[in-house]
file input22.cif (mmCIF, N, CA and C atoms)
data_model
#
loop_
_atom_site.label_atom_id
_atom_site.label_comp_id
_atom_site.auth_asym_id
_atom_site.auth_seq_id
_atom_site.Cartn_x
_atom_site.Cartn_y
_atom_site.Cartn_z
N MET A 1 163.96 119.29 -222.30
CA MET A 1 164.19 119.10 -220.89
C MET A 1 163.28 120.00 -220.08
N SER A 2 162.92 119.53 -218.90
CA SER A 2 162.06 120.33 -218.04
C SER A 2 162.90 121.37 -217.30
N LYS A 3 162.22 122.32 -216.69
CA LYS A 3 162.92 123.38 -215.96
C LYS A 3 163.67 122.81 -214.77
N ARG A 4 163.10 121.78 -214.16
CA ARG A 4 163.73 121.18 -212.99
C ARG A 4 165.07 120.53 -213.35
N VAL A 5 165.08 119.82 -214.47
CA VAL A 5 166.32 119.18 -214.92
C VAL A 5 167.35 120.23 -215.31
N LYS A 6 166.91 121.28 -215.98
CA LYS A 6 167.83 122.35 -216.36
C LYS A 6 168.42 123.04 -215.13
N ALA A 7 167.58 123.26 -214.12
CA ALA A 7 168.06 123.91 -212.90
C ALA A 7 169.09 123.03 -212.20
N ARG A 8 168.83 121.74 -212.10
CA ARG A 8 169.79 120.84 -211.46
C ARG A 8 171.08 120.75 -212.27
N LEU A 9 170.93 120.70 -213.58
CA LEU A 9 172.12 120.65 -214.43
C LEU A 9 172.96 121.91 -214.26
N ALA A 10 172.31 123.04 -214.14
CA ALA A 10 173.05 124.30 -213.94
C ALA A 10 173.74 124.32 -212.58
N LYS A 11 173.05 123.85 -211.54
CA LYS A 11 173.64 123.84 -210.19
C LYS A 11 174.85 122.92 -210.13
N TYR A 12 174.65 121.67 -210.55
CA TYR A 12 175.74 120.71 -210.47
C TYR A 12 176.84 121.01 -211.48
N GLY A 13 176.48 121.54 -212.64
CA GLY A 13 177.48 121.93 -213.62
C GLY A 13 178.33 123.09 -213.12
N GLY A 14 177.67 124.04 -212.48
CA GLY A 14 178.41 125.17 -211.91
C GLY A 14 179.35 124.74 -210.79
N SER A 15 178.87 123.84 -209.94
CA SER A 15 179.75 123.38 -208.86
C SER A 15 180.88 122.52 -209.41
N ALA A 16 180.62 121.72 -210.46
CA ALA A 16 181.69 120.94 -211.09
C ALA A 16 182.72 121.86 -211.74
N ALA A 17 182.26 122.92 -212.36
CA ALA A 17 183.19 123.88 -212.95
C ALA A 17 184.03 124.56 -211.87
N PHE A 18 183.40 124.89 -210.74
CA PHE A 18 184.12 125.48 -209.61
C PHE A 18 185.17 124.52 -209.07
N ILE A 19 184.79 123.26 -208.92
CA ILE A 19 185.72 122.25 -208.41
C ILE A 19 186.88 122.07 -209.39
N GLY A 20 186.56 121.97 -210.68
CA GLY A 20 187.61 121.80 -211.68
C GLY A 20 188.55 122.98 -211.74
N LEU A 21 188.00 124.18 -211.66
CA LEU A 21 188.83 125.39 -211.70
C LEU A 21 189.74 125.47 -210.48
N MET A 22 189.18 125.20 -209.31
CA MET A 22 189.99 125.25 -208.08
C MET A 22 191.08 124.18 -208.09
N ALA A 23 190.72 122.97 -208.53
CA ALA A 23 191.72 121.90 -208.57
C ALA A 23 192.81 122.22 -209.59
N TRP A 24 192.42 122.72 -210.75
CA TRP A 24 193.41 123.08 -211.77
C TRP A 24 194.32 124.19 -211.26
N LEU A 25 193.74 125.20 -210.60
CA LEU A 25 194.54 126.30 -210.07
C LEU A 25 195.53 125.80 -209.03
N TYR A 26 195.09 124.91 -208.15
CA TYR A 26 195.97 124.37 -207.12
C TYR A 26 197.12 123.57 -207.74
N ILE A 27 196.78 122.72 -208.72
CA ILE A 27 197.79 121.88 -209.36
C ILE A 27 198.76 122.71 -210.21
N SER A 28 198.23 123.73 -210.88
CA SER A 28 199.08 124.52 -211.77
C SER A 28 200.11 125.36 -211.03
N LEU A 29 199.87 125.63 -209.76
CA LEU A 29 200.81 126.42 -208.97
C LEU A 29 201.93 125.56 -208.39
N ARG A 30 201.90 124.26 -208.62
CA ARG A 30 202.92 123.36 -208.11
C ARG A 30 203.58 122.61 -209.26
N ASP A 31 204.72 122.01 -208.98
CA ASP A 31 205.44 121.23 -209.99
C ASP A 31 204.86 119.82 -210.01
N PHE A 32 203.72 119.67 -210.66
CA PHE A 32 203.02 118.39 -210.69
C PHE A 32 203.71 117.41 -211.62
N ASP A 33 204.18 117.86 -212.76
CA ASP A 33 204.79 116.96 -213.74
C ASP A 33 206.11 116.37 -213.25
N GLY A 34 206.87 117.12 -212.50
CA GLY A 34 208.17 116.65 -212.03
C GLY A 34 208.12 115.95 -210.69
N ALA A 35 206.96 115.80 -210.10
CA ALA A 35 206.86 115.20 -208.78
C ALA A 35 206.79 113.69 -208.86
N LYS A 36 207.17 113.03 -207.74
CA LYS A 36 207.03 111.59 -207.65
C LYS A 36 205.55 111.23 -207.51
N LEU A 37 205.23 109.97 -207.71
CA LEU A 37 203.84 109.51 -207.67
C LEU A 37 203.20 109.77 -206.31
N VAL A 38 203.95 109.56 -205.25
CA VAL A 38 203.41 109.77 -203.91
C VAL A 38 203.07 111.25 -203.70
N ASP A 39 203.89 112.13 -204.22
CA ASP A 39 203.63 113.56 -204.10
C ASP A 39 202.46 113.99 -204.99
N LYS A 40 202.30 113.32 -206.12
CA LYS A 40 201.15 113.62 -206.98
C LYS A 40 199.85 113.28 -206.27
N TYR A 41 199.83 112.14 -205.56
CA TYR A 41 198.63 111.78 -204.81
C TYR A 41 198.33 112.81 -203.72
N ARG A 42 199.38 113.30 -203.06
CA ARG A 42 199.19 114.32 -202.02
C ARG A 42 198.63 115.61 -202.62
N MET A 43 199.19 116.01 -203.76
CA MET A 43 198.72 117.24 -204.42
C MET A 43 197.28 117.09 -204.89
N LEU A 44 196.94 115.93 -205.44
CA LEU A 44 195.56 115.71 -205.88
C LEU A 44 194.59 115.68 -204.71
N SER A 45 195.02 115.09 -203.60
CA SER A 45 194.17 115.08 -202.41
C SER A 45 193.91 116.50 -201.92
N ASP A 46 194.95 117.30 -201.87
CA ASP A 46 194.78 118.69 -201.45
C ASP A 46 193.95 119.48 -202.45
N ALA A 47 194.17 119.21 -203.74
CA ALA A 47 193.46 119.95 -204.78
C ALA A 47 191.96 119.70 -204.73
N PHE A 48 191.55 118.51 -204.33
CA PHE A 48 190.12 118.23 -204.22
C PHE A 48 189.56 118.55 -202.85
N ALA A 49 190.41 118.55 -201.83
CA ALA A 49 189.93 118.85 -200.47
C ALA A 49 189.56 120.33 -200.32
N VAL A 50 190.30 121.20 -200.96
CA VAL A 50 190.05 122.64 -200.81
C VAL A 50 188.67 123.03 -201.35
N PRO A 51 188.32 122.72 -202.60
CA PRO A 51 186.97 123.09 -203.05
C PRO A 51 185.87 122.29 -202.36
N GLY A 52 186.18 121.05 -201.96
CA GLY A 52 185.18 120.26 -201.25
C GLY A 52 184.82 120.89 -199.91
N MET A 53 185.82 121.33 -199.17
CA MET A 53 185.55 121.98 -197.89
C MET A 53 184.86 123.33 -198.08
N LEU A 54 185.23 124.05 -199.12
CA LEU A 54 184.57 125.33 -199.38
C LEU A 54 183.08 125.13 -199.67
N LEU A 55 182.75 124.13 -200.48
CA LEU A 55 181.35 123.87 -200.80
C LEU A 55 180.59 123.41 -199.57
N LEU A 56 181.18 122.52 -198.79
CA LEU A 56 180.50 122.04 -197.58
C LEU A 56 180.29 123.18 -196.57
N MET A 57 181.28 124.00 -196.38
CA MET A 57 181.16 125.08 -195.39
C MET A 57 180.20 126.17 -195.87
N PHE A 58 180.17 126.43 -197.17
CA PHE A 58 179.21 127.39 -197.69
C PHE A 58 177.79 126.87 -197.53
N GLY A 59 177.59 125.56 -197.75
CA GLY A 59 176.29 124.95 -197.52
C GLY A 59 175.89 125.03 -196.05
N CYS A 60 176.85 124.81 -195.15
CA CYS A 60 176.57 124.93 -193.71
C CYS A 60 176.21 126.37 -193.34
N LEU A 61 176.88 127.32 -193.94
CA LEU A 61 176.58 128.73 -193.66
C LEU A 61 175.16 129.09 -194.10
N ILE A 62 174.75 128.61 -195.25
CA ILE A 62 173.38 128.87 -195.71
C ILE A 62 172.38 128.18 -194.81
N TRP A 63 172.69 126.96 -194.40
CA TRP A 63 171.79 126.20 -193.52
C TRP A 63 171.62 126.91 -192.18
N ILE A 64 172.72 127.37 -191.60
CA ILE A 64 172.66 128.09 -190.31
C ILE A 64 171.90 129.40 -190.48
N SER A 65 172.13 130.07 -191.57
CA SER A 65 171.42 131.32 -191.83
C SER A 65 169.92 131.08 -191.98
N ASN A 66 169.55 129.97 -192.62
CA ASN A 66 168.13 129.65 -192.77
C ASN A 66 167.47 129.31 -191.45
N LEU A 67 168.24 128.81 -190.50
CA LEU A 67 167.68 128.51 -189.18
C LEU A 67 167.45 129.78 -188.37
N GLY A 68 168.02 130.88 -188.81
CA GLY A 68 167.81 132.15 -188.13
C GLY A 68 168.94 132.55 -187.20
N ALA A 69 170.04 131.84 -187.24
CA ALA A 69 171.14 132.12 -186.33
C ALA A 69 171.82 133.46 -186.62
N LEU A 70 171.73 133.93 -187.84
CA LEU A 70 172.41 135.18 -188.20
C LEU A 70 171.44 136.35 -188.35
N ASP A 71 170.19 136.16 -187.96
CA ASP A 71 169.20 137.24 -188.12
C ASP A 71 169.54 138.47 -187.28
N GLY A 72 170.02 138.25 -186.06
CA GLY A 72 170.36 139.38 -185.20
C GLY A 72 171.50 140.21 -185.77
N LEU A 73 172.52 139.52 -186.27
CA LEU A 73 173.66 140.22 -186.86
C LEU A 73 173.25 140.96 -188.12
N ALA A 74 172.45 140.31 -188.97
CA ALA A 74 172.00 140.95 -190.20
C ALA A 74 171.12 142.16 -189.90
N TYR A 75 170.28 142.05 -188.87
CA TYR A 75 169.43 143.19 -188.49
C TYR A 75 170.28 144.35 -188.00
N ALA A 76 171.29 144.07 -187.19
CA ALA A 76 172.14 145.14 -186.66
C ALA A 76 172.91 145.83 -187.78
N VAL A 77 173.41 145.07 -188.73
CA VAL A 77 174.16 145.66 -189.84
C VAL A 77 173.23 146.49 -190.73
N SER A 78 172.04 145.96 -191.01
CA SER A 78 171.12 146.73 -191.86
C SER A 78 170.64 147.99 -191.14
N PHE A 79 170.44 147.91 -189.82
CA PHE A 79 170.03 149.09 -189.06
C PHE A 79 171.14 150.14 -189.06
N ALA A 80 172.39 149.69 -188.89
CA ALA A 80 173.52 150.63 -188.90
C ALA A 80 173.68 151.25 -190.28
N PHE A 81 173.51 150.46 -191.32
CA PHE A 81 173.64 150.96 -192.68
C PHE A 81 172.54 151.97 -193.00
N ARG A 82 171.31 151.67 -192.59
CA ARG A 82 170.21 152.61 -192.83
C ARG A 82 170.37 153.88 -192.02
N SER A 83 171.04 153.80 -190.88
CA SER A 83 171.25 154.99 -190.07
C SER A 83 172.25 155.95 -190.72
N LEU A 84 173.13 155.43 -191.54
CA LEU A 84 174.12 156.28 -192.20
C LEU A 84 173.55 156.99 -193.42
N ILE A 85 172.47 156.49 -193.97
CA ILE A 85 171.86 157.09 -195.14
C ILE A 85 170.89 158.18 -194.68
N PRO A 86 170.99 159.38 -195.23
CA PRO A 86 170.06 160.43 -194.83
C PRO A 86 168.62 160.03 -195.16
N GLY A 87 167.77 160.12 -194.17
CA GLY A 87 166.38 159.75 -194.35
C GLY A 87 166.13 158.27 -194.13
N GLY A 88 167.17 157.49 -193.92
CA GLY A 88 167.03 156.05 -193.74
C GLY A 88 166.52 155.67 -192.38
N ARG A 89 166.67 156.55 -191.39
CA ARG A 89 166.21 156.24 -190.04
C ARG A 89 164.70 156.18 -189.95
N TYR A 90 164.05 156.82 -190.86
CA TYR A 90 162.60 156.88 -190.78
C TYR A 90 161.95 155.61 -191.31
N LYS A 91 162.75 154.71 -191.84
CA LYS A 91 162.23 153.44 -192.33
C LYS A 91 162.51 152.33 -191.33
N ASP A 92 162.56 152.66 -190.06
CA ASP A 92 162.89 151.68 -189.03
C ASP A 92 161.91 150.52 -189.03
N GLU A 93 162.44 149.37 -188.76
CA GLU A 93 161.66 148.15 -188.71
C GLU A 93 162.02 147.45 -187.40
N LYS A 94 161.03 146.99 -186.69
CA LYS A 94 161.29 146.29 -185.44
C LYS A 94 161.92 144.94 -185.75
N TYR A 95 162.66 144.44 -184.76
CA TYR A 95 163.36 143.19 -184.95
C TYR A 95 162.38 142.03 -185.21
N ALA A 96 161.28 142.02 -184.52
CA ALA A 96 160.28 140.95 -184.73
C ALA A 96 159.73 140.99 -186.16
N ASP A 97 159.49 142.19 -186.68
CA ASP A 97 159.01 142.30 -188.05
C ASP A 97 160.09 141.86 -189.04
N TYR A 98 161.33 142.18 -188.74
CA TYR A 98 162.44 141.78 -189.60
C TYR A 98 162.55 140.26 -189.65
N VAL A 99 162.45 139.61 -188.50
CA VAL A 99 162.56 138.15 -188.44
C VAL A 99 161.40 137.50 -189.20
N GLU A 100 160.20 138.03 -189.05
CA GLU A 100 159.05 137.48 -189.78
C GLU A 100 159.23 137.63 -191.29
N ARG A 101 159.73 138.77 -191.70
CA ARG A 101 159.96 138.99 -193.14
C ARG A 101 161.03 138.05 -193.67
N LYS A 102 162.08 137.82 -192.89
CA LYS A 102 163.16 136.93 -193.32
C LYS A 102 162.71 135.46 -193.33
N ARG A 103 161.82 135.07 -192.44
CA ARG A 103 161.33 133.69 -192.42
C ARG A 103 160.57 133.35 -193.70
N GLU A 104 159.94 134.31 -194.28
CA GLU A 104 159.20 134.07 -195.51
C GLU A 104 160.13 133.93 -196.72
N ASN A 105 161.33 134.49 -196.63
CA ASN A 105 162.24 134.52 -197.79
C ASN A 105 163.49 133.68 -197.56
N ARG A 106 163.36 132.51 -196.96
CA ARG A 106 164.53 131.65 -196.73
C ARG A 106 165.00 131.04 -198.05
N VAL A 107 166.28 130.74 -198.10
CA VAL A 107 166.90 130.17 -199.29
C VAL A 107 166.52 128.69 -199.38
N LYS A 108 166.17 128.26 -200.58
CA LYS A 108 165.82 126.85 -200.81
C LYS A 108 166.68 126.33 -201.95
N GLY A 109 166.87 125.02 -201.99
CA GLY A 109 167.59 124.42 -203.11
C GLY A 109 169.09 124.52 -203.02
N TYR A 110 169.64 124.40 -201.83
CA TYR A 110 171.09 124.47 -201.69
C TYR A 110 171.69 123.12 -201.31
N GLY A 111 170.93 122.06 -201.39
CA GLY A 111 171.43 120.73 -201.06
C GLY A 111 172.51 120.23 -202.00
N PHE A 112 172.54 120.79 -203.20
CA PHE A 112 173.59 120.40 -204.15
C PHE A 112 174.97 120.76 -203.63
N LEU A 113 175.07 121.77 -202.76
CA LEU A 113 176.37 122.13 -202.19
C LEU A 113 176.90 120.99 -201.32
N PHE A 114 176.00 120.38 -200.53
CA PHE A 114 176.41 119.27 -199.69
C PHE A 114 176.75 118.04 -200.53
N ALA A 115 175.95 117.79 -201.56
CA ALA A 115 176.20 116.61 -202.41
C ALA A 115 177.51 116.74 -203.17
N SER A 116 177.71 117.86 -203.84
CA SER A 116 178.95 118.02 -204.62
C SER A 116 180.17 118.16 -203.71
N GLY A 117 180.02 118.81 -202.57
CA GLY A 117 181.12 118.89 -201.62
C GLY A 117 181.46 117.54 -201.02
N GLY A 118 180.45 116.73 -200.75
CA GLY A 118 180.69 115.39 -200.21
C GLY A 118 181.38 114.48 -201.21
N VAL A 119 180.96 114.53 -202.46
CA VAL A 119 181.61 113.72 -203.50
C VAL A 119 183.05 114.17 -203.70
N THR A 120 183.27 115.46 -203.68
CA THR A 120 184.63 115.98 -203.83
C THR A 120 185.52 115.58 -202.66
N MET A 121 184.97 115.60 -201.46
CA MET A 121 185.75 115.17 -200.30
C MET A 121 186.03 113.68 -200.36
N ALA A 122 185.09 112.89 -200.90
CA ALA A 122 185.33 111.45 -201.05
C ALA A 122 186.48 111.20 -202.03
N ILE A 123 186.53 111.97 -203.11
CA ILE A 123 187.64 111.86 -204.06
C ILE A 123 188.96 112.23 -203.37
N ALA A 124 188.93 113.28 -202.56
CA ALA A 124 190.13 113.69 -201.84
C ALA A 124 190.58 112.61 -200.86
N ILE A 125 189.63 111.94 -200.22
CA ILE A 125 189.98 110.88 -199.27
C ILE A 125 190.59 109.68 -200.01
N VAL A 126 190.09 109.37 -201.20
CA VAL A 126 190.67 108.28 -201.99
C VAL A 126 192.13 108.60 -202.32
N PHE A 127 192.40 109.81 -202.75
CA PHE A 127 193.79 110.17 -203.05
C PHE A 127 194.64 110.20 -201.78
N MET A 128 194.06 110.54 -200.65
CA MET A 128 194.82 110.53 -199.39
C MET A 128 195.16 109.10 -198.98
N VAL A 129 194.21 108.18 -199.17
CA VAL A 129 194.48 106.77 -198.87
C VAL A 129 195.58 106.24 -199.79
N LEU A 130 195.53 106.60 -201.06
CA LEU A 130 196.59 106.20 -201.99
C LEU A 130 197.94 106.79 -201.58
N PHE A 131 197.93 108.02 -201.12
CA PHE A 131 199.16 108.66 -200.66
C PHE A 131 199.76 107.91 -199.48
N TYR A 132 198.92 107.57 -198.50
CA TYR A 132 199.44 106.89 -197.31
C TYR A 132 199.75 105.42 -197.57
N SER A 133 199.19 104.83 -198.61
CA SER A 133 199.54 103.46 -198.93
C SER A 133 200.93 103.38 -199.56
N LEU A 134 201.35 104.43 -200.24
CA LEU A 134 202.68 104.46 -200.82
C LEU A 134 203.72 105.12 -199.93
N TYR A 135 203.29 105.89 -198.96
CA TYR A 135 204.20 106.63 -198.10
C TYR A 135 204.73 105.73 -197.07
#

call {"tool": "encode", "arguments": {"input": "input22.cif", "output": "structure tokens"}}
result
Amino acid sequence: MSKRVKARLAKYGGSAAFIGLMAWLYISLRDFDGAKLVDKYRMLSDAFAVPGMLLLMFGCLIWISNLGALDGLAYAVSFAFRSLIPGGRYKDEKYADYVERKRENRVKGYGFLFASGGVTMAIAIVFMVLFYSLY
């Protein structure tokens, strides 16, 4: 296999493992075996909606960060942190230099978060439709 295929397999495999773990954790904390069918559909919808929304929102956070919306906050936090370290004040960096440095190092390859989150949300919507068809 090529490196590209291995990288995609690792990304999607990791997100599938995250989705499976979160869904299993959600289901295991409830009485799934003793519930009626309509309640099972509700639990499954919730179990897939939680990791789906987490993946989608994490992807949105990375996307917003890549656009530069959080550069000011990150600069202020790093400046405050460097001010607390003895000798750290002498490594001051202007905000314009910080933004230029961050533009060169933007995160790439996070589209799998939107894809896996969207598929997971679609599964959750199917279970929600089944829930409301029986309810």

call {"tool": "resolve_selection", "arguments": {"input": "input22.cif", "expression": "the PyMOL selection byres (((chain A and resi 14-25 and name CA) around 7) and name CA)", "output": "number ranges by chain"}}
result
A: 10-13, 26-29, 47-48, 51, 116

call {"tool": "residues_near_point", "arguments": {"input": "input22.cif", "point": "(177.9, 121.5, -203.9)", "cutoff": "8 Å", "atoms": "all atoms listed in the file", "output": "list of chain:residue names"}}
result
A:Lys11, A:Tyr12, A:Gly14, A:Ser15, A:Ala16, A:Gly52, A:Leu54, A:Leu55, A:Leu56, A:Gly59, A:Tyr110, A:Gly111, A:Phe112, A:Leu113, A:Phe114, A:Ala115, A:Ser116, A:Gly117, A:Gly118, A:Val119

call {"tool": "atom_distance", "arguments": {"input": "input22.cif", "atom1": "atom C of A:Val77", "atom2": "atom CA of A:Phe58"}}
result
21.2 Å

call {"tool": "atom_distance", "arguments": {"input": "input22.cif", "atom1": "atom C of A:Met53", "atom2": "atom C of A:Arg101"}}
result
28.4 Å

call {"tool": "residues_around", "arguments": {"input": "input22.cif", "residues": "A:Phe131", "least_positions_apart": "3", "cutoff": "7 Å", "atoms": "all atoms listed in the file", "output": "NGL selection string"}}
result
:A and (38-39 or 41-42 or 126-128 or 134-135)

call {"tool": "atom_distance", "arguments": {"input": "input22.cif", "atom1": "atom C of A:Met1", "atom2": "atom N of A:Met121"}}
result
28.9 Å

call {"tool": "closest_residue", "arguments": {"input": "input22.cif", "among": "A:Ala49, A:Val107, A:Leu44, A:Ala96", "to": "A:Ser65", "atoms": "only C-alpha atoms"}}
result
A:Val107

call {"tool": "closest_residue", "arguments": {"input": "input22.cif", "among": "A:Leu130, A:Arg4, A:Lys102, A:Lys40", "to": "A:Asp71", "atoms": "only N, CA and C atoms"}}
result
A:Lys102

call {"tool": "decode", "arguments": {"input": "input22.cif", "residues": "stretch 103-113 of chain A", "atoms": "all heavy atoms", "output": "PDB file, in the first residue's frame"}}
result
ATOM      1  N   ARG A 103       0.625  31.336   9.381  1.00  0.00           N
ATOM      2  CA  ARG A 103       0.064  31.090   8.047  1.00  0.00           C
ATOM      3  C   ARG A 103       0.851  30.027   7.298  1.00  0.00           C
ATOM      4  O   ARG A 103       0.303  29.317   6.470  1.00  0.00           O
ATOM      5  CB  ARG A 103       0.061  32.374   7.232  1.00  0.00           C
ATOM      6  CG  ARG A 103      -1.082  33.273   7.544  1.00  0.00           C
ATOM      7  CD  ARG A 103      -1.172  34.420   6.593  1.00  0.00           C
ATOM      8  NE  ARG A 103      -2.190  35.345   7.058  1.00  0.00           N
ATOM      9  CZ  ARG A 103      -2.193  36.624   6.828  1.00  0.00           C
ATOM     10  NH1 ARG A 103      -1.226  37.160   6.101  1.00  0.00           N
ATOM     11  NH2 ARG A 103      -3.144  37.393   7.286  1.00  0.00           N
ATOM     12  N   GLU A 104       2.113  29.933   7.568  1.00  0.00           N
ATOM     13  CA  GLU A 104       2.938  28.927   6.900  1.00  0.00           C
ATOM     14  C   GLU A 104       2.690  27.526   7.462  1.00  0.00           C
ATOM     15  O   GLU A 104       2.930  26.537   6.777  1.00  0.00           O
ATOM     16  CB  GLU A 104       4.416  29.273   7.050  1.00  0.00           C
ATOM     17  CG  GLU A 104       4.808  30.573   6.378  1.00  0.00           C
ATOM     18  CD  GLU A 104       6.210  31.006   6.739  1.00  0.00           C
ATOM     19  OE1 GLU A 104       6.885  30.289   7.513  1.00  0.00           O
ATOM     20  OE2 GLU A 104       6.628  32.068   6.265  1.00  0.00           O
ATOM     21  N   ASN A 105       2.219  27.440   8.692  1.00  0.00           N
ATOM     22  CA  ASN A 105       2.078  26.134   9.364  1.00  0.00           C
ATOM     23  C   ASN A 105       0.618  25.770   9.622  1.00  0.00           C
ATOM     24  O   ASN A 105       0.293  25.228  10.674  1.00  0.00           O
ATOM     25  CB  ASN A 105       2.830  26.156  10.699  1.00  0.00           C
ATOM     26  CG  ASN A 105       4.305  26.388  10.519  1.00  0.00           C
ATOM     27  OD1 ASN A 105       4.863  25.982   9.520  1.00  0.00           O
ATOM     28  ND2 ASN A 105       4.912  27.056  11.470  1.00  0.00           N
ATOM     29  N   ARG A 106      -0.271  26.028   8.682  1.00  0.00           N
ATOM     30  CA  ARG A 106      -1.678  25.688   8.869  1.00  0.00           C
ATOM     31  C   ARG A 106      -1.874  24.176   8.777  1.00  0.00           C
ATOM     32  O   ARG A 106      -1.146  23.469   8.090  1.00  0.00           O
ATOM     33  CB  ARG A 106      -2.551  26.374   7.812  1.00  0.00           C
ATOM     34  CG  ARG A 106      -2.521  27.886   7.886  1.00  0.00           C
ATOM     35  CD  ARG A 106      -3.200  28.387   9.121  1.00  0.00           C
ATOM     36  NE  ARG A 106      -3.221  29.857   9.113  1.00  0.00           N
ATOM     37  CZ  ARG A 106      -3.410  30.569  10.182  1.00  0.00           C
ATOM     38  NH1 ARG A 106      -3.585  29.986  11.341  1.00  0.00           N
ATOM     39  NH2 ARG A 106      -3.417  31.869  10.116  1.00  0.00           N
ATOM     40  N   VAL A 107      -2.896  23.694   9.455  1.00  0.00           N
ATOM     41  CA  VAL A 107      -3.206  22.269   9.485  1.00  0.00           C
ATOM     42  C   VAL A 107      -3.856  21.873   8.161  1.00  0.00           C
ATOM     43  O   VAL A 107      -4.729  22.572   7.647  1.00  0.00           O
ATOM     44  CB  VAL A 107      -4.156  21.948  10.664  1.00  0.00           C
ATOM     45  CG1 VAL A 107      -4.554  20.490  10.664  1.00  0.00           C
ATOM     46  CG2 VAL A 107      -3.516  22.329  11.978  1.00  0.00           C
ATOM     47  N   LYS A 108      -3.426  20.749   7.628  1.00  0.00           N
ATOM     48  CA  LYS A 108      -3.996  20.230   6.379  1.00  0.00           C
ATOM     49  C   LYS A 108      -4.451  18.800   6.615  1.00  0.00           C
ATOM     50  O   LYS A 108      -3.957  18.108   7.489  1.00  0.00           O
ATOM     51  CB  LYS A 108      -2.947  20.263   5.269  1.00  0.00           C
ATOM     52  CG  LYS A 108      -2.522  21.651   4.904  1.00  0.00           C
ATOM     53  CD  LYS A 108      -1.452  21.632   3.838  1.00  0.00           C
ATOM     54  CE  LYS A 108      -1.060  23.050   3.522  1.00  0.00           C
ATOM     55  NZ  LYS A 108       0.321  23.326   3.712  1.00  0.00           N
ATOM     56  N   GLY A 109      -5.394  18.346   5.803  1.00  0.00           N
ATOM     57  CA  GLY A 109      -5.827  16.954   5.887  1.00  0.00           C
ATOM     58  C   GLY A 109      -6.799  16.661   7.005  1.00  0.00           C
ATOM     59  O   GLY A 109      -6.728  15.603   7.629  1.00  0.00           O
ATOM     60  N   TYR A 110      -7.705  17.565   7.274  1.00  0.00           N
ATOM     61  CA  TYR A 110      -8.683  17.323   8.332  1.00  0.00           C
ATOM     62  C   TYR A 110     -10.090  17.133   7.767  1.00  0.00           C
ATOM     63  O   TYR A 110     -11.063  17.091   8.515  1.00  0.00           O
ATOM     64  CB  TYR A 110      -8.675  18.468   9.351  1.00  0.00           C
ATOM     65  CG  TYR A 110      -8.991  19.820   8.760  1.00  0.00           C
ATOM     66  CD1 TYR A 110     -10.281  20.311   8.744  1.00  0.00           C
ATOM     67  CD2 TYR A 110      -7.993  20.610   8.212  1.00  0.00           C
ATOM     68  CE1 TYR A 110     -10.573  21.531   8.194  1.00  0.00           C
ATOM     69  CE2 TYR A 110      -8.272  21.838   7.671  1.00  0.00           C
ATOM     70  CZ  TYR A 110      -9.562  22.299   7.661  1.00  0.00           C
ATOM     71  OH  TYR A 110      -9.847  23.522   7.110  1.00  0.00           O
ATOM     72  N   GLY A 111     -10.224  16.968   6.477  1.00  0.00           N
ATOM     73  CA  GLY A 111     -11.527  16.764   5.854  1.00  0.00           C
ATOM     74  C   GLY A 111     -12.197  15.465   6.266  1.00  0.00           C
ATOM     75  O   GLY A 111     -13.424  15.342   6.190  1.00  0.00           O
ATOM     76  N   PHE A 112     -11.401  14.507   6.709  1.00  0.00           N
ATOM     77  CA  PHE A 112     -11.977  13.240   7.169  1.00  0.00           C
ATOM     78  C   PHE A 112     -12.873  13.442   8.380  1.00  0.00           C
ATOM     79  O   PHE A 112     -13.798  12.646   8.613  1.00  0.00           O
ATOM     80  CB  PHE A 112     -10.874  12.229   7.485  1.00  0.00           C
ATOM     81  CG  PHE A 112     -10.138  12.491   8.754  1.00  0.00           C
ATOM     82  CD1 PHE A 112     -10.502  11.853   9.914  1.00  0.00           C
ATOM     83  CD2 PHE A 112      -9.086  13.389   8.792  1.00  0.00           C
ATOM     84  CE1 PHE A 112      -9.824  12.095  11.097  1.00  0.00           C
ATOM     85  CE2 PHE A 112      -8.406  13.635   9.957  1.00  0.00           C
ATOM     86  CZ  PHE A 112      -8.777  12.991  11.119  1.00  0.00           C
ATOM     87  N   LEU A 113     -12.640  14.506   9.155  1.00  0.00           N
ATOM     88  CA  LEU A 113     -13.503  14.777  10.308  1.00  0.00           C
ATOM     89  C   LEU A 113     -14.912  15.118   9.841  1.00  0.00           C
ATOM     90  O   LEU A 113     -15.898  14.657  10.425  1.00  0.00           O
ATOM     91  CB  LEU A 113     -12.930  15.926  11.137  1.00  0.00           C
ATOM     92  CG  LEU A 113     -11.622  15.639  11.859  1.00  0.00           C
ATOM     93  CD1 LEU A 113     -11.073  16.903  12.482  1.00  0.00           C
ATOM     94  CD2 LEU A 113     -11.815  14.577  12.904  1.00  0.00           C
TER      95      LEU A 113
END
